[in-house]
Amino acid sequence: MLNIILFGPPGAGKGTQSENLVHEYELVHLSTGDIFRSNIKGGTELGNLAKSYMDKGELVPDNVTIGMLRAEVNKSQNANGFIFDGFPRTVAQAEALDEFLESKDEEITVMLALEVEEEELKTRLMQRAKTSGRPDDANPEVIQKRINVYQKETAPVAEHYRKPGKFKGVNGVGSIDEIAERLFTAIEESKS
Ligand code: AMP
């Protein structure tokens, strides 16, 4: 199996590039943000809980997020592999993911980190707000909060995968196709 974590701050292009990777490698795309948003749309209990954190730019608690992620992986028994997009976002989530995959004799193949400067992220998120309909993109204070939460709680997850040599940084600035090519190259290197 090919199990990829697509990592990076909000606005780095994880969702966009996930589509390219799914296409190229026939993987199951699991975006915890998308799953929360579809629960919000469906008015589920999980959606209501998640919304109270998402609207403020805070992280949904680990136990809720980890439980949901495990259930989603278990729904795709015959997958070639997964793209984890927006997960793990804390070291506790990374540890839980590793343990969960190990229980299935699987592991993370590589963490691909899209690298983009903070000013560019803010510009992209404000632009995305015009079409995404996401309340957390529309408010500059919430955007700043999400970036701060990323730096404090999520950035340390890179170290977790750097230690076993699974971390690869990828320049996240350029055309969508250029960035996709960089990701494909990084994946091919990590497979060999
Ligand atoms: P995203 O779509 O990845 O930008 O995520 C949008 C929001 O969903 C985040 O700001 C968090 O509030 C929540 N969220 C998504 N993924 C996670 C996660 N792995 N852990 C905690 N909260 C998450």
# chains A, B, ... in the order shown; residues from 1 in each chain; ligands from 1
$ residues_around --residues "Ala138 of chain A" --least-positions-apart "4" --cutoff "12 Å" --atoms "only C-alpha atoms" --output "PDB file with all heavy atoms, in the first residue's frame"
ATOM      1  N   ASP A  55     -15.346  26.985  13.454  1.00  0.00           N
ATOM      2  CA  ASP A  55     -15.702  28.397  13.252  1.00  0.00           C
ATOM      3  C   ASP A  55     -14.728  29.329  13.966  1.00  0.00           C
ATOM      4  O   ASP A  55     -14.584  30.493  13.607  1.00  0.00           O
ATOM      5  CB  ASP A  55     -17.131  28.669  13.756  1.00  0.00           C
ATOM      6  CG  ASP A  55     -18.181  28.147  12.784  1.00  0.00           C
ATOM      7  OD1 ASP A  55     -17.798  27.709  11.688  1.00  0.00           O
ATOM      8  OD2 ASP A  55     -19.379  28.173  13.133  1.00  0.00           O
ATOM      9  N   LYS A  56     -14.058  28.816  14.995  1.00  0.00           N
ATOM     10  CA  LYS A  56     -13.103  29.651  15.737  1.00  0.00           C
ATOM     11  C   LYS A  56     -11.660  29.445  15.238  1.00  0.00           C
ATOM     12  O   LYS A  56     -10.731  30.059  15.752  1.00  0.00           O
ATOM     13  CB  LYS A  56     -13.172  29.294  17.231  1.00  0.00           C
ATOM     14  CG  LYS A  56     -14.466  29.778  17.894  1.00  0.00           C
ATOM     15  CD  LYS A  56     -14.463  29.512  19.397  1.00  0.00           C
ATOM     16  CE  LYS A  56     -14.860  28.082  19.655  1.00  0.00           C
ATOM     17  NZ  LYS A  56     -15.069  27.741  21.065  1.00  0.00           N
ATOM     18  N   GLY A  57     -11.490  28.491  14.317  1.00  0.00           N
ATOM     19  CA  GLY A  57     -10.136  28.194  13.835  1.00  0.00           C
ATOM     20  C   GLY A  57      -9.367  27.283  14.771  1.00  0.00           C
ATOM     21  O   GLY A  57      -8.143  27.158  14.675  1.00  0.00           O
ATOM     22  N   LYS A 122      -2.061  33.639   3.347  1.00  0.00           N
ATOM     23  CA  LYS A 122      -3.165  34.542   3.675  1.00  0.00           C
ATOM     24  C   LYS A 122      -3.840  35.029   2.399  1.00  0.00           C
ATOM     25  O   LYS A 122      -5.062  35.072   2.315  1.00  0.00           O
ATOM     26  CB  LYS A 122      -2.659  35.729   4.492  1.00  0.00           C
ATOM     27  CG  LYS A 122      -2.278  35.332   5.909  1.00  0.00           C
ATOM     28  CD  LYS A 122      -1.833  36.562   6.678  1.00  0.00           C
ATOM     29  CE  LYS A 122      -1.233  36.201   8.011  1.00  0.00           C
ATOM     30  NZ  LYS A 122      -0.436  37.269   8.582  1.00  0.00           N
ATOM     31  N   THR A 123      -3.028  35.390   1.404  1.00  0.00           N
ATOM     32  CA  THR A 123      -3.583  35.857   0.125  1.00  0.00           C
ATOM     33  C   THR A 123      -4.440  34.750  -0.500  1.00  0.00           C
ATOM     34  O   THR A 123      -5.554  34.989  -0.972  1.00  0.00           O
ATOM     35  CB  THR A 123      -2.430  36.220  -0.847  1.00  0.00           C
ATOM     36  OG1 THR A 123      -1.544  37.078  -0.162  1.00  0.00           O
ATOM     37  CG2 THR A 123      -2.923  36.882  -2.104  1.00  0.00           C
ATOM     38  N   ARG A 124      -3.933  33.535  -0.485  1.00  0.00           N
ATOM     39  CA  ARG A 124      -4.665  32.422  -1.104  1.00  0.00           C
ATOM     40  C   ARG A 124      -5.981  32.161  -0.377  1.00  0.00           C
ATOM     41  O   ARG A 124      -7.006  31.910  -1.009  1.00  0.00           O
ATOM     42  CB  ARG A 124      -3.836  31.136  -1.048  1.00  0.00           C
ATOM     43  CG  ARG A 124      -2.684  31.098  -1.997  1.00  0.00           C
ATOM     44  CD  ARG A 124      -2.069  29.709  -1.952  1.00  0.00           C
ATOM     45  NE  ARG A 124      -0.837  29.621  -2.693  1.00  0.00           N
ATOM     46  CZ  ARG A 124      -0.141  28.499  -2.827  1.00  0.00           C
ATOM     47  NH1 ARG A 124      -0.556  27.387  -2.249  1.00  0.00           N
ATOM     48  NH2 ARG A 124       0.979  28.476  -3.519  1.00  0.00           N
ATOM     49  N   LEU A 125      -5.956  32.215   0.953  1.00  0.00           N
ATOM     50  CA  LEU A 125      -7.177  31.900   1.721  1.00  0.00           C
ATOM     51  C   LEU A 125      -8.249  32.962   1.510  1.00  0.00           C
ATOM     52  O   LEU A 125      -9.425  32.639   1.364  1.00  0.00           O
ATOM     53  CB  LEU A 125      -6.852  31.728   3.212  1.00  0.00           C
ATOM     54  CG  LEU A 125      -6.061  30.460   3.548  1.00  0.00           C
ATOM     55  CD1 LEU A 125      -5.582  30.486   4.990  1.00  0.00           C
ATOM     56  CD2 LEU A 125      -6.884  29.207   3.305  1.00  0.00           C
ATOM     57  N   MET A 126      -7.813  34.228   1.454  1.00  0.00           N
ATOM     58  CA  MET A 126      -8.778  35.305   1.209  1.00  0.00           C
ATOM     59  C   MET A 126      -9.394  35.144  -0.182  1.00  0.00           C
ATOM     60  O   MET A 126     -10.573  35.381  -0.383  1.00  0.00           O
ATOM     61  CB  MET A 126      -8.099  36.681   1.304  1.00  0.00           C
ATOM     62  CG  MET A 126      -7.455  36.968   2.638  1.00  0.00           C
ATOM     63  SD  MET A 126      -8.638  37.226   3.959  1.00  0.00           S
ATOM     64  CE  MET A 126      -8.960  38.949   3.715  1.00  0.00           C
ATOM     65  N   GLN A 127      -8.572  34.735  -1.122  1.00  0.00           N
ATOM     66  CA  GLN A 127      -9.045  34.493  -2.494  1.00  0.00           C
ATOM     67  C   GLN A 127     -10.031  33.314  -2.511  1.00  0.00           C
ATOM     68  O   GLN A 127     -11.091  33.372  -3.117  1.00  0.00           O
ATOM     69  CB  GLN A 127      -7.805  34.183  -3.366  1.00  0.00           C
ATOM     70  CG  GLN A 127      -8.054  34.179  -4.857  1.00  0.00           C
ATOM     71  CD  GLN A 127      -8.499  35.545  -5.382  1.00  0.00           C
ATOM     72  OE1 GLN A 127      -8.150  36.580  -4.818  1.00  0.00           O
ATOM     73  NE2 GLN A 127      -9.314  35.538  -6.425  1.00  0.00           N
ATOM     74  N   ARG A 128      -9.655  32.246  -1.798  1.00  0.00           N
ATOM     75  CA  ARG A 128     -10.497  31.039  -1.770  1.00  0.00           C
ATOM     76  C   ARG A 128     -11.853  31.335  -1.155  1.00  0.00           C
ATOM     77  O   ARG A 128     -12.857  30.738  -1.532  1.00  0.00           O
ATOM     78  CB  ARG A 128      -9.768  29.941  -0.975  1.00  0.00           C
ATOM     79  CG  ARG A 128     -10.461  28.600  -1.027  1.00  0.00           C
ATOM     80  CD  ARG A 128      -9.595  27.491  -0.457  1.00  0.00           C
ATOM     81  NE  ARG A 128      -9.650  27.433   0.993  1.00  0.00           N
ATOM     82  CZ  ARG A 128      -8.953  26.563   1.734  1.00  0.00           C
ATOM     83  NH1 ARG A 128      -8.134  25.704   1.162  1.00  0.00           N
ATOM     84  NH2 ARG A 128      -9.064  26.562   3.051  1.00  0.00           N
ATOM     85  N   ALA A 129     -11.868  32.270  -0.185  1.00  0.00           N
ATOM     86  CA  ALA A 129     -13.117  32.603   0.518  1.00  0.00           C
ATOM     87  C   ALA A 129     -14.216  33.029  -0.448  1.00  0.00           C
ATOM     88  O   ALA A 129     -15.400  32.819  -0.197  1.00  0.00           O
ATOM     89  CB  ALA A 129     -12.860  33.702   1.534  1.00  0.00           C
ATOM     90  N   LYS A 130     -13.795  33.622  -1.594  1.00  0.00           N
ATOM     91  CA  LYS A 130     -14.787  34.124  -2.560  1.00  0.00           C
ATOM     92  C   LYS A 130     -15.618  32.995  -3.148  1.00  0.00           C
ATOM     93  O   LYS A 130     -16.742  33.210  -3.569  1.00  0.00           O
ATOM     94  CB  LYS A 130     -14.079  34.885  -3.698  1.00  0.00           C
ATOM     95  CG  LYS A 130     -13.420  36.153  -3.233  1.00  0.00           C
ATOM     96  CD  LYS A 130     -12.722  36.852  -4.384  1.00  0.00           C
ATOM     97  CE  LYS A 130     -11.883  38.012  -3.882  1.00  0.00           C
ATOM     98  NZ  LYS A 130     -10.879  38.429  -4.857  1.00  0.00           N
ATOM     99  N   THR A 131     -15.042  31.788  -3.206  1.00  0.00           N
ATOM    100  CA  THR A 131     -15.781  30.682  -3.843  1.00  0.00           C
ATOM    101  C   THR A 131     -16.004  29.487  -2.925  1.00  0.00           C
ATOM    102  O   THR A 131     -16.856  28.660  -3.193  1.00  0.00           O
ATOM    103  CB  THR A 131     -15.015  30.171  -5.089  1.00  0.00           C
ATOM    104  OG1 THR A 131     -13.672  29.872  -4.686  1.00  0.00           O
ATOM    105  CG2 THR A 131     -15.018  31.204  -6.201  1.00  0.00           C
ATOM    106  N   SER A 132     -15.249  29.372  -1.835  1.00  0.00           N
ATOM    107  CA  SER A 132     -15.324  28.137  -1.025  1.00  0.00           C
ATOM    108  C   SER A 132     -16.580  28.074  -0.164  1.00  0.00           C
ATOM    109  O   SER A 132     -17.012  26.994   0.222  1.00  0.00           O
ATOM    110  CB  SER A 132     -14.091  27.998  -0.123  1.00  0.00           C
ATOM    111  OG  SER A 132     -14.133  28.950   0.929  1.00  0.00           O
ATOM    112  N   GLY A 133     -17.145  29.241   0.160  1.00  0.00           N
ATOM    113  CA  GLY A 133     -18.295  29.260   1.062  1.00  0.00           C
ATOM    114  C   GLY A 133     -17.910  28.854   2.478  1.00  0.00           C
ATOM    115  O   GLY A 133     -18.775  28.599   3.312  1.00  0.00           O
ATOM    116  N   ARG A 134     -16.607  28.780   2.755  1.00  0.00           N
ATOM    117  CA  ARG A 134     -16.166  28.362   4.095  1.00  0.00           C
ATOM    118  C   ARG A 134     -16.084  29.566   5.019  1.00  0.00           C
ATOM    119  O   ARG A 134     -15.304  30.485   4.773  1.00  0.00           O
ATOM    120  CB  ARG A 134     -14.788  27.682   4.009  1.00  0.00           C
ATOM    121  CG  ARG A 134     -14.850  26.295   3.439  1.00  0.00           C
ATOM    122  CD  ARG A 134     -13.483  25.653   3.356  1.00  0.00           C
ATOM    123  NE  ARG A 134     -12.719  25.695   4.590  1.00  0.00           N
ATOM    124  CZ  ARG A 134     -11.590  25.013   4.783  1.00  0.00           C
ATOM    125  NH1 ARG A 134     -11.109  24.247   3.815  1.00  0.00           N
ATOM    126  NH2 ARG A 134     -10.941  25.100   5.917  1.00  0.00           N
ATOM    127  N   VAL A 142      -9.814  34.554  12.010  1.00  0.00           N
ATOM    128  CA  VAL A 142      -9.871  33.078  12.046  1.00  0.00           C
ATOM    129  C   VAL A 142      -8.722  32.491  11.212  1.00  0.00           C
ATOM    130  O   VAL A 142      -8.096  31.499  11.618  1.00  0.00           O
ATOM    131  CB  VAL A 142     -11.255  32.556  11.569  1.00  0.00           C
ATOM    132  CG1 VAL A 142     -11.273  31.035  11.508  1.00  0.00           C
ATOM    133  CG2 VAL A 142     -12.363  33.049  12.488  1.00  0.00           C
ATOM    134  N   ILE A 143      -8.406  33.138  10.098  1.00  0.00           N
ATOM    135  CA  ILE A 143      -7.264  32.679   9.283  1.00  0.00           C
ATOM    136  C   ILE A 143      -5.980  32.739  10.104  1.00  0.00           C
ATOM    137  O   ILE A 143      -5.199  31.791  10.151  1.00  0.00           O
ATOM    138  CB  ILE A 143      -7.125  33.542   7.993  1.00  0.00           C
ATOM    139  CG1 ILE A 143      -8.279  33.216   7.043  1.00  0.00           C
ATOM    140  CG2 ILE A 143      -5.773  33.318   7.329  1.00  0.00           C
ATOM    141  CD1 ILE A 143      -8.263  34.020   5.748  1.00  0.00           C
ATOM    142  N   GLN A 144      -5.767  33.868  10.797  1.00  0.00           N
ATOM    143  CA  GLN A 144      -4.560  34.017  11.616  1.00  0.00           C
ATOM    144  C   GLN A 144      -4.518  32.958  12.712  1.00  0.00           C
ATOM    145  O   GLN A 144      -3.478  32.359  12.974  1.00  0.00           O
ATOM    146  CB  GLN A 144      -4.504  35.427  12.220  1.00  0.00           C
ATOM    147  CG  GLN A 144      -3.188  35.730  12.913  1.00  0.00           C
ATOM    148  CD  GLN A 144      -1.987  35.681  11.955  1.00  0.00           C
ATOM    149  OE1 GLN A 144      -1.970  36.347  10.937  1.00  0.00           O
ATOM    150  NE2 GLN A 144      -0.987  34.845  12.265  1.00  0.00           N
TER     151      GLN A 144
END
$ residues_around --residues "Arg70 of chain A" --least-positions-apart "6" --cutoff "10 Å" --atoms "only C-alpha atoms" --output "ChimeraX atom specification"
/A:96-97,100-101
$ residues_near_ligand --ligand "ligand 1" --cutoff "7 Å" --atoms "only C-alpha atoms and all ligand atoms" --output "MDAnalysis selection string"
chainID A and resid 10 31:34 36 50 53:54 57:62 65 85:89 146
$ closest_residue --among "A:Glu188, A:Glu153, A:Glu181, A:Glu107" --to "Met1 of chain A" --atoms "only C-alpha atoms"
A:Glu107
$ residues_around --residues "Thr154 of chain A" --least-positions-apart "4" --cutoff "7 Å" --atoms "only C-alpha atoms" --output "list in words"
Arg89, Thr90, Val149 and Tyr150 of chain A
$ select_by_dssp --residues "segment 23-181 of chain A" --states "strand (DSSP E or B)" --output "list in words"
Val28, His29, Leu30, Ser31, Gly81, Phe82, Ile83, Phe84, Asp85, Val110, Met111, Leu112, Ala113, Leu114, Glu115, Phe167, Lys168, Gly169, Val170 and Asn171 of chain A
$ write_last_selection --atoms "N, CA, C and O atoms" --output "compact mmCIF listing (two decimals), in the first residue's frame"
# COMPACT_ATOMS: atom_id res chain seq x y z
N VAL A 28 -7.35 6.31 -1.90
CA VAL A 28 -8.55 6.84 -1.23
C VAL A 28 -8.14 8.14 -0.52
O VAL A 28 -7.15 8.16 0.23
N HIS A 29 -8.89 9.19 -0.81
CA HIS A 29 -8.57 10.51 -0.23
C HIS A 29 -9.37 10.71 1.05
O HIS A 29 -10.60 10.70 1.01
N LEU A 30 -8.68 10.89 2.15
CA LEU A 30 -9.38 11.16 3.41
C LEU A 30 -8.98 12.54 3.92
O LEU A 30 -7.85 12.74 4.40
N SER A 31 -9.89 13.48 3.79
CA SER A 31 -9.67 14.83 4.31
C SER A 31 -10.55 15.00 5.54
O SER A 31 -11.79 14.99 5.42
N GLY A 81 -4.26 2.29 -1.09
CA GLY A 81 -3.56 3.14 -0.15
C GLY A 81 -4.41 4.38 0.11
O GLY A 81 -5.50 4.51 -0.44
N PHE A 82 -3.88 5.26 0.94
CA PHE A 82 -4.66 6.43 1.36
C PHE A 82 -3.83 7.71 1.21
O PHE A 82 -2.60 7.68 1.35
N ILE A 83 -4.56 8.80 0.97
CA ILE A 83 -3.95 10.12 1.14
C ILE A 83 -4.61 10.73 2.36
O ILE A 83 -5.83 10.94 2.38
N PHE A 84 -3.83 10.98 3.37
CA PHE A 84 -4.34 11.64 4.56
C PHE A 84 -4.09 13.15 4.39
O PHE A 84 -2.95 13.59 4.29
N ASP A 85 -5.18 13.88 4.32
CA ASP A 85 -5.12 15.32 4.02
C ASP A 85 -5.70 16.07 5.21
O ASP A 85 -6.88 15.92 5.53
N VAL A 110 5.22 7.97 3.23
CA VAL A 110 5.93 9.25 3.19
C VAL A 110 5.00 10.39 3.63
O VAL A 110 3.79 10.32 3.41
N MET A 111 5.61 11.39 4.27
CA MET A 111 4.89 12.64 4.53
C MET A 111 5.42 13.68 3.54
O MET A 111 6.63 13.96 3.53
N LEU A 112 4.52 14.20 2.71
CA LEU A 112 4.90 15.23 1.74
C LEU A 112 4.41 16.57 2.28
O LEU A 112 3.21 16.75 2.47
N ALA A 113 5.34 17.48 2.52
CA ALA A 113 4.97 18.76 3.13
C ALA A 113 5.05 19.88 2.10
O ALA A 113 6.13 20.17 1.57
N LEU A 114 3.91 20.48 1.81
CA LEU A 114 3.87 21.61 0.87
C LEU A 114 4.34 22.87 1.59
O LEU A 114 3.73 23.25 2.61
N GLU A 115 5.38 23.48 1.08
CA GLU A 115 5.99 24.64 1.76
C GLU A 115 5.62 25.95 1.06
O GLU A 115 5.92 26.12 -0.12
N PHE A 167 10.01 12.15 6.00
CA PHE A 167 9.57 13.51 5.69
C PHE A 167 10.21 14.01 4.39
O PHE A 167 11.42 13.88 4.20
N LYS A 168 9.37 14.57 3.53
CA LYS A 168 9.91 15.22 2.32
C LYS A 168 9.26 16.58 2.14
O LYS A 168 8.03 16.67 2.03
N GLY A 169 10.03 17.64 2.13
CA GLY A 169 9.52 18.98 1.87
C GLY A 169 9.41 19.21 0.36
O GLY A 169 10.28 18.76 -0.39
N VAL A 170 8.33 19.85 -0.06
CA VAL A 170 8.11 20.10 -1.49
C VAL A 170 7.72 21.57 -1.64
O VAL A 170 6.84 22.06 -0.92
N ASN A 171 8.36 22.26 -2.58
CA ASN A 171 8.02 23.67 -2.83
C ASN A 171 6.57 23.76 -3.31
O ASN A 171 6.23 23.21 -4.35
$ select_by_dssp --residues "segment 108-185 of chain A" --states "helix (DSSP H, G or I)" --output "VMD selection string"
chain A and resid 118 to 132 135 to 138 140 to 154 156 to 162 176 to 185
$ atom_distance --atom1 "atom CA of Ala92 of chain A" --atom2 "atom CA of Lys41 of chain A"
27.6 Å
$ atom_distance --atom1 "atom CA of Ala155 of chain A" --atom2 "atom CA of Ile4 of chain A"
16.8 Å
$ atom_distance --atom1 "atom CA of Gly15 of chain A" --atom2 "atom CA of Gly47 of chain A"
19.8 Å
$ closest_residue --among "A:Val116, A:Ile147, A:Ile40, A:Leu6" --to "Val22 of chain A" --atoms "only C-alpha atoms"
A:Leu6
$ closest_residue --among "A:Tyr161, A:Glu19, A:Gly174, A:Ala71" --to "Glu95 of chain A" --atoms "only C-alpha atoms"
A:Tyr161
